[in-house]
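Engineer: My structure is stored as target-v8.cif, with mmCIF, C-alpha atoms.
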data_model
#
loop_
_atom_site.label_atom_id
_atom_site.label_comp_id
_atom_site.auth_asym_id
_atom_site.auth_seq_id
_atom_site.Cartn_x
_atom_site.Cartn_y
_atom_site.Cartn_z
CA MET A 8 23.09 114.87 23.56
CA ILE A 9 23.55 111.93 25.95
CA GLU A 10 20.08 110.80 27.00
CA GLN A 11 21.22 108.40 29.73
CA THR A 12 24.69 108.57 31.27
CA MET A 13 26.68 105.58 32.49
CA GLN A 14 25.85 106.41 36.09
CA GLN A 15 22.16 106.76 35.30
CA TYR A 16 22.21 103.49 33.38
CA LEU A 17 23.86 101.57 36.22
CA THR A 18 21.59 103.18 38.81
CA ALA A 19 18.58 102.11 36.74
CA ASN A 20 19.97 98.53 36.64
CA PRO A 21 20.98 97.78 40.26
CA ARG A 22 21.20 93.99 39.67
CA LEU A 23 23.83 94.39 36.95
CA LYS A 24 26.64 91.95 37.64
CA TYR A 25 28.46 91.17 34.38
CA ILE A 26 29.84 94.05 32.31
CA PHE A 27 31.69 93.55 29.02
CA PHE A 28 33.75 96.08 27.11
CA GLY A 29 34.34 95.31 23.44
CA GLY A 30 35.50 96.95 20.24
CA LYS A 31 38.41 96.90 17.84
CA GLY A 32 42.03 97.02 18.94
CA GLY A 33 43.40 100.36 20.12
CA VAL A 34 40.12 102.00 21.11
CA GLY A 35 40.79 101.84 24.85
CA LYS A 36 38.79 98.81 26.02
CA THR A 37 41.26 97.94 28.78
CA VAL A 38 41.25 101.48 30.16
CA LEU A 39 37.45 101.74 30.08
CA ALA A 40 37.05 98.31 31.70
CA GLY A 41 39.51 99.31 34.43
CA THR A 42 37.69 102.60 34.97
CA ALA A 43 34.33 100.86 35.32
CA ALA A 44 35.75 98.21 37.67
CA LEU A 45 37.31 100.89 39.87
CA TRP A 46 33.99 102.74 40.06
CA MET A 47 32.04 99.55 40.87
CA ALA A 48 34.52 98.75 43.64
CA GLY A 49 34.04 102.28 44.95
CA GLN A 50 30.33 101.52 45.30
CA GLY A 51 31.21 98.81 47.82
CA LYS A 52 30.95 95.86 45.42
CA ARG A 53 33.60 93.15 45.45
CA THR A 54 34.70 93.51 41.85
CA LEU A 55 36.80 91.35 39.52
CA LEU A 56 38.41 93.02 36.51
CA ALA A 57 39.37 90.26 34.08
CA SER A 58 41.12 90.52 30.73
CA THR A 59 40.64 87.84 28.07
CA ASN A 60 42.73 89.85 25.64
CA PRO A 61 45.80 87.91 24.42
CA VAL A 62 47.60 91.26 24.02
CA HIS A 63 48.47 91.71 27.70
CA SER A 64 48.06 95.31 28.83
CA LEU A 65 46.16 95.08 32.12
CA SER A 66 49.28 94.69 34.28
CA SER A 67 50.90 97.60 32.49
CA MET A 68 47.87 99.83 32.96
CA LEU A 69 47.59 99.03 36.68
CA ASP A 70 51.34 99.30 37.26
CA GLN A 71 51.36 95.92 39.04
CA ASN A 72 51.55 92.28 38.05
CA VAL A 73 48.07 90.70 37.86
CA PHE A 74 49.04 87.99 35.36
CA GLY A 75 47.83 84.44 35.86
CA LYS A 76 45.92 84.74 39.13
CA PRO A 77 43.35 87.07 40.79
CA THR A 78 45.33 89.80 42.52
CA PRO A 79 44.03 92.59 44.82
CA VAL A 80 44.60 95.98 43.19
CA THR A 81 46.93 98.13 45.29
CA GLY A 82 45.20 101.10 46.86
CA VAL A 83 41.70 100.18 45.66
CA PRO A 84 39.55 98.33 48.23
CA ASN A 85 37.14 95.69 46.86
CA MET A 86 38.94 95.49 43.49
CA THR A 87 40.72 92.39 42.18
CA ALA A 88 42.30 92.04 38.75
CA LEU A 89 43.20 89.05 36.60
CA GLU A 90 45.07 88.97 33.32
CA ILE A 91 44.16 85.51 32.06
CA ASP A 92 47.09 83.41 30.88
CA THR A 93 45.80 82.72 27.37
CA LYS A 94 48.61 80.28 26.49
CA ASP A 95 47.95 78.24 29.64
CA THR A 96 44.19 78.29 28.96
CA ILE A 97 44.71 77.07 25.40
CA GLU A 98 47.13 74.32 26.44
CA LYS A 99 44.72 73.11 29.13
CA SER A 100 41.92 73.01 26.54
CA LYS A 101 44.10 70.98 24.18
CA LYS A 102 44.90 68.53 26.97
CA GLU A 103 41.22 68.17 27.88
CA ILE A 104 40.28 67.57 24.24
CA ARG A 105 42.96 64.88 23.92
CA GLU A 106 41.73 63.15 27.09
CA LYS A 107 38.10 63.20 25.89
CA ILE A 108 38.97 61.90 22.40
CA GLU A 109 41.13 59.08 23.82
CA TRP A 110 38.37 58.31 26.30
CA PHE A 111 35.77 58.13 23.51
CA LEU A 112 37.93 56.00 21.19
CA LYS A 113 38.56 53.52 23.98
CA PHE A 114 34.86 53.36 24.91
CA ALA A 115 33.85 52.90 21.25
CA GLU A 116 36.57 50.26 20.80
CA ILE A 117 38.08 52.19 17.88
CA LYS A 118 41.76 51.35 17.44
CA THR A 119 42.89 54.71 16.12
CA LYS A 120 45.32 57.18 17.65
CA ALA A 121 43.84 60.45 18.87
CA ASP A 122 46.53 62.67 17.32
CA GLU A 123 44.71 63.35 14.04
CA PHE A 124 41.44 64.13 15.80
CA VAL A 125 43.18 66.45 18.27
CA GLN A 126 45.02 68.30 15.51
CA SER A 127 41.81 68.73 13.53
CA ALA A 128 39.96 70.14 16.55
CA THR A 129 42.69 72.50 17.77
CA MET A 130 43.69 73.90 14.37
CA ASN A 131 40.24 75.43 13.95
CA PRO A 132 40.53 79.27 13.98
CA ALA A 133 37.73 79.44 16.55
CA PHE A 134 39.49 77.11 18.99
CA GLU A 135 41.37 79.80 20.91
CA GLU A 136 38.27 81.97 21.21
CA SER A 137 36.30 78.94 22.38
CA ALA A 138 38.92 78.21 25.06
CA MET A 139 38.77 81.80 26.32
CA PHE A 140 34.97 81.68 26.33
CA ASP A 141 35.09 78.59 28.55
CA ASN A 142 37.52 80.32 30.90
CA MET A 143 35.28 83.38 31.08
CA ILE A 144 32.14 81.46 31.98
CA ASP A 145 34.13 79.47 34.56
CA LEU A 146 34.80 82.76 36.33
CA MET A 147 31.12 83.70 36.11
CA PHE A 148 29.98 80.33 37.46
CA GLU A 149 32.35 80.51 40.44
CA ASP A 150 30.30 83.49 41.62
CA LYS A 151 32.94 84.78 44.05
CA TYR A 152 32.38 88.47 43.33
CA ASP A 153 29.52 90.96 43.35
CA ALA A 154 30.53 92.38 39.96
CA TYR A 155 32.58 91.16 37.00
CA VAL A 156 34.07 93.52 34.42
CA PHE A 157 35.56 91.89 31.30
CA ASP A 158 38.07 93.46 28.95
CA THR A 159 37.49 91.29 25.89
CA ALA A 160 39.68 90.43 22.92
CA PRO A 161 39.38 92.75 19.90
CA THR A 162 37.21 90.22 18.02
CA ALA A 163 34.80 89.65 20.87
CA ASN A 164 31.45 91.40 21.06
CA ALA A 165 27.94 90.68 22.24
CA ARG A 166 26.83 88.90 19.10
CA ARG A 167 29.91 86.68 19.03
CA LEU A 168 29.57 85.73 22.69
CA LEU A 169 25.88 85.03 22.36
CA GLY A 170 26.42 83.35 19.02
CA MET A 171 29.08 81.09 20.52
CA SER A 172 26.75 79.91 23.27
CA SER A 173 24.02 79.29 20.67
CA VAL A 174 26.36 77.37 18.36
CA TYR A 175 27.59 75.30 21.31
CA SER A 176 24.00 74.48 22.24
CA MET A 177 22.99 73.49 18.71
CA TRP A 178 26.12 71.37 18.29
CA VAL A 179 25.59 69.59 21.61
CA ASN A 180 21.90 68.93 20.86
CA LYS A 181 22.87 67.40 17.52
CA MET A 182 25.57 65.29 19.16
CA VAL A 183 23.16 64.08 21.85
CA GLN A 184 20.63 63.11 19.18
CA SER A 185 23.27 61.24 17.17
CA ARG A 186 24.55 59.52 20.29
CA GLU A 187 21.05 58.40 21.27
CA GLU A 188 20.47 56.98 17.77
CA ALA A 189 23.82 55.16 17.80
CA THR A 190 23.15 53.71 21.26
CA SER A 191 19.69 52.51 20.22
CA LEU A 192 21.13 50.79 17.14
CA ARG A 193 23.88 49.22 19.23
CA ASP A 194 21.29 47.83 21.64
CA LEU A 195 19.25 46.37 18.80
CA LEU A 196 22.25 44.69 17.23
CA SER A 197 23.64 43.40 20.50
CA TYR A 198 23.15 39.72 21.25
CA SER A 199 24.19 40.24 24.81
CA LYS A 200 21.48 40.54 27.44
CA ARG A 201 23.82 42.09 29.98
CA LYS A 202 23.10 45.65 30.99
CA GLN A 203 24.83 48.18 28.77
CA GLN A 204 27.69 49.94 30.48
CA LYS A 205 27.43 53.63 31.32
CA ASP A 206 28.08 55.91 28.35
CA PRO A 207 30.73 58.50 29.39
CA LEU A 208 30.38 60.50 26.16
CA MET A 209 26.65 60.95 26.68
CA ASP A 210 27.24 62.11 30.26
CA TYR A 211 29.78 64.65 29.00
CA LEU A 212 27.41 65.96 26.31
CA LEU A 213 24.51 66.31 28.72
CA ASN A 214 26.70 68.20 31.21
CA LEU A 215 28.00 70.45 28.43
CA ARG A 216 24.45 71.18 27.26
CA GLN A 217 23.47 72.18 30.79
CA ARG A 218 26.58 74.37 31.07
CA MET A 219 25.89 76.17 27.77
CA GLY A 220 22.26 76.70 28.70
CA ARG A 221 23.28 78.31 31.97
CA ALA A 222 25.83 80.54 30.21
CA LYS A 223 23.27 81.71 27.66
CA THR A 224 20.77 82.47 30.44
CA LEU A 225 23.29 84.73 32.19
CA LEU A 226 24.48 86.44 29.00
CA THR A 227 20.96 87.22 27.77
CA ASP A 228 19.57 88.48 31.07
CA ALA A 229 19.48 92.27 30.57
CA THR A 230 19.13 92.83 34.31
CA LEU A 231 22.42 91.01 34.98
CA THR A 232 24.55 91.55 31.88
CA SER A 233 25.46 94.55 29.74
CA PHE A 234 27.80 94.97 26.77
CA PHE A 235 29.46 98.32 26.10
CA PHE A 236 31.26 99.07 22.85
CA VAL A 237 34.16 101.47 22.89
CA ALA A 238 34.60 103.58 19.75
CA LEU A 239 36.86 106.35 18.55
CA PRO A 240 35.40 109.35 16.70
CA GLU A 241 37.51 108.37 13.71
CA ALA A 242 37.34 105.34 11.42
CA LEU A 243 34.15 104.24 13.20
CA PRO A 244 34.95 100.79 14.67
CA ILE A 245 31.33 100.79 15.92
CA ALA A 246 28.98 97.86 16.43
CA GLY A 247 26.32 98.92 18.95
CA GLY A 248 25.71 101.20 21.93
CA VAL A 249 28.88 103.19 22.46
CA ILE A 250 31.26 105.00 24.76
CA VAL A 251 33.23 107.51 22.70
CA ASN A 252 36.87 107.68 23.72
CA MET A 253 39.77 110.09 23.00
CA LEU A 254 37.76 113.05 21.69
CA ILE A 255 39.90 116.17 21.24
CA ASP A 256 38.50 119.23 23.02
CA LYS A 257 37.89 121.75 20.22
CA SER A 258 37.95 124.66 22.67
CA LEU A 259 41.63 123.99 23.34
CA VAL A 260 42.61 124.08 19.66
CA GLY A 261 43.49 127.67 18.75
CA PRO A 262 44.07 129.25 15.32
CA ASP A 263 47.81 128.66 15.64
CA ALA A 264 47.45 124.93 16.16
CA PRO A 265 49.26 122.65 13.67
CA ASP A 266 47.27 121.65 10.58
CA PHE A 267 47.47 118.01 11.69
CA VAL A 268 45.56 118.82 14.88
CA LYS A 269 43.00 120.98 13.03
CA ASN A 270 42.41 118.22 10.48
CA ARG A 271 42.05 115.62 13.23
CA VAL A 272 39.45 117.77 15.01
CA ALA A 273 37.50 118.26 11.76
CA MET A 274 37.59 114.52 11.05
CA GLN A 275 36.38 113.68 14.55
CA ALA A 276 33.55 116.21 14.20
CA GLU A 277 32.30 114.45 11.06
CA HIS A 278 32.36 111.05 12.73
CA MET A 279 30.64 112.42 15.84
CA ASP A 280 27.80 113.60 13.59
CA THR A 281 27.48 110.02 12.32
CA ILE A 282 27.60 108.59 15.85
CA TRP A 283 24.80 110.89 17.05
CA LYS A 284 22.73 110.00 13.98
CA GLU A 285 23.25 106.22 13.94
CA PHE A 286 23.33 105.61 17.70
CA ASP A 287 20.85 108.14 18.98
CA GLY A 288 20.02 107.36 22.60
CA GLN A 289 22.75 104.70 22.92
CA VAL A 290 25.77 106.89 23.66
CA ARG A 291 26.57 106.61 27.38
CA ALA A 292 29.63 108.85 27.68
CA ILE A 293 32.23 110.88 25.80
CA LEU A 294 35.78 110.85 27.15
CA PRO A 295 38.53 113.27 26.15
CA LEU A 296 41.96 112.61 24.73
CA TYR A 297 44.08 113.07 27.86
CA GLU A 298 47.42 114.85 27.86
CA THR A 299 49.15 111.71 29.17
CA GLU A 300 48.87 107.94 28.94
CA VAL A 301 46.20 106.39 31.14
CA ARG A 302 48.30 104.35 33.54
CA GLY A 303 47.89 103.62 37.22
CA THR A 304 44.86 103.86 39.48
CA ALA A 305 45.19 107.64 39.89
CA MET A 306 44.48 108.13 36.17
CA LEU A 307 41.71 105.54 36.31
CA LYS A 308 40.07 107.51 39.12
CA ARG A 309 40.32 110.63 36.98
CA MET A 310 38.63 108.81 34.12
CA ALA A 311 35.99 107.37 36.44
CA ASP A 312 35.04 110.89 37.53
CA GLN A 313 34.48 111.72 33.85
CA LEU A 314 32.82 108.44 32.82
CA PHE A 315 30.40 108.38 35.74
CA ALA A 316 29.82 112.13 36.01
#
Show this structure as structure tokens.
Structural biologist:
Amino acid sequence: MIEQTMQQYLTANPRLKYIFFGGKGGVGKTVLAGTAALWMAGQGKRTLLASTNPVHSLSSMLDQNVFGKPTPVTGVPNMTALEIDTKDTIEKSKKEIREKIEWFLKFAEIKTKADEFVQSATMNPAFEESAMFDNMIDLMFEDKYDAYVFDTAPTANARRLLGMSSVYSMWVNKMVQSREEATSLRDLLSYSKRKQQKDPLMDYLLNLRQRMGRAKTLLTDATLTSFFFVALPEALPIAGGVIVNMLIDKSLVGPDAPDFVKNRVAMQAEHMDTIWKEFDGQVRAILPLYETEVRGTAMLKRMADQLFA
């Protein structure tokens, strides 16, 4: 039994501004994010639906091109959508890293080319996710909308987002400490009495620390931010409070149904038992497997009626 529906949850949290949908690939994150954004817009809130998923499906779902820039959604007042250009975001991040490394090497009077440092930084598996995280918090900091709904990449979830902000903060604090120690040693060893020039790297680190602190404050404020995990009643790609998607209606499966359908229903029933047991009180909604692909705002409105019933 659902103890608190999506509508009840949002009504109980009127200040909620940042909503994230996560889960493994293929569970319907984009559709659920679009449904929630459409509903929020229908409540009179200027809403941005943003996808950080490198597998572009938002434009396809909405039946209009929202790639690369915030675009008003046709036929839905107050709703804007943005499919973030992940390649452009990553290339911009690489360019910024190169500029900062060259800037630092010049300031430190180190006669080494930046290429090796840049390659080392950008080949890290977490680099792309870090770039998308920066893009996401840029949108949040701009504060142009009343509500933000994020369709995240398959690997993203609450712990990873929060963990990333924490790792950033720890790294920056360590870098600031090291920089302060290096500057102090440089001052002691310097025979020059002229005033030390401004340290651009220290300024950058301090600004980054402030930025990460602000991001963590927003992401951990339960009155402003919520994470919803979309799961299928199948192989259990579950990591927290859930919205169950694509559940087959058993009442529509008669005795003459194909064995494949009967077996699928039985399998889903077993996993639903596990969901109720493991996530008691955290299930917000159960959505059916529709007879057609969820595409276009008309289908999103149909889903919204079910999700926020």
Engineer: Restricting the calculation to only C-alpha atoms: of A:Leu254, A:Leu215, A:Thr230, A:Lys102, which residue gets closest to A:Ala19?
Structural biologist: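 Smallest separation from A:Ala19 among the options: A:Thr230.
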Engineer: Would you work out the distance separating atom CA of A:Asp95 from atom CA of A:Glu135, expressed in Å to one decimal?
Structural biologist: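 Straight-line distance from atom CA of A:Asp95 to atom CA of A:Glu135 works out to 11.0 Å.
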Engineer: Name the closest residue to A:Ile250 among the candidates A:His278, A:Lys36, A:Lys76, A:Lys107; distances are taken between atoms, counting all atoms listed in the file.
Structural biologist: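 Using all atoms listed in the file, A:Ile250 sits closest to A:Lys36.
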Engineer: Counting only C-alpha atoms, find the residues whose atoms lie at most 12 Å from (31.1, 77.1, 34.7) (file coordinates) and write them out as a tab-separated table (two decimals) with C-alpha atoms, keeping the file's coordinate frame.
Structural biologist:
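Below is the file that was written, part-v4.tsv:
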chain	number	residue	atom	x	y	z
A	140	PHE	CA	34.97	81.68	26.33
A	141	ASP	CA	35.09	78.59	28.55
A	142	ASN	CA	37.52	80.32	30.90
A	143	MET	CA	35.28	83.38	31.08
A	144	ILE	CA	32.14	81.46	31.98
A	145	ASP	CA	34.13	79.47	34.56
A	146	LEU	CA	34.80	82.76	36.33
A	147	MET	CA	31.12	83.70	36.11
A	148	PHE	CA	29.98	80.33	37.46
A	149	GLU	CA	32.35	80.51	40.44
A	150	ASP	CA	30.30	83.49	41.62
A	214	ASN	CA	26.70	68.20	31.21
A	215	LEU	CA	28.00	70.45	28.43
A	216	ARG	CA	24.45	71.18	27.26
A	217	GLN	CA	23.47	72.18	30.79
A	218	ARG	CA	26.58	74.37	31.07
A	219	MET	CA	25.89	76.17	27.77
A	220	GLY	CA	22.26	76.70	28.70
A	221	ARG	CA	23.28	78.31	31.97
A	222	ALA	CA	25.83	80.54	30.21
A	223	LYS	CA	23.27	81.71	27.66
A	225	LEU	CA	23.29	84.73	32.19
Engineer: Given all atoms listed in the file as the basis, pick out the residue of A:Gly35, A:Gly51, A:Glu106, A:Asp287 nearest to A:Met68.
Structural biologist: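 Smallest separation from A:Met68 among the options: A:Gly35.
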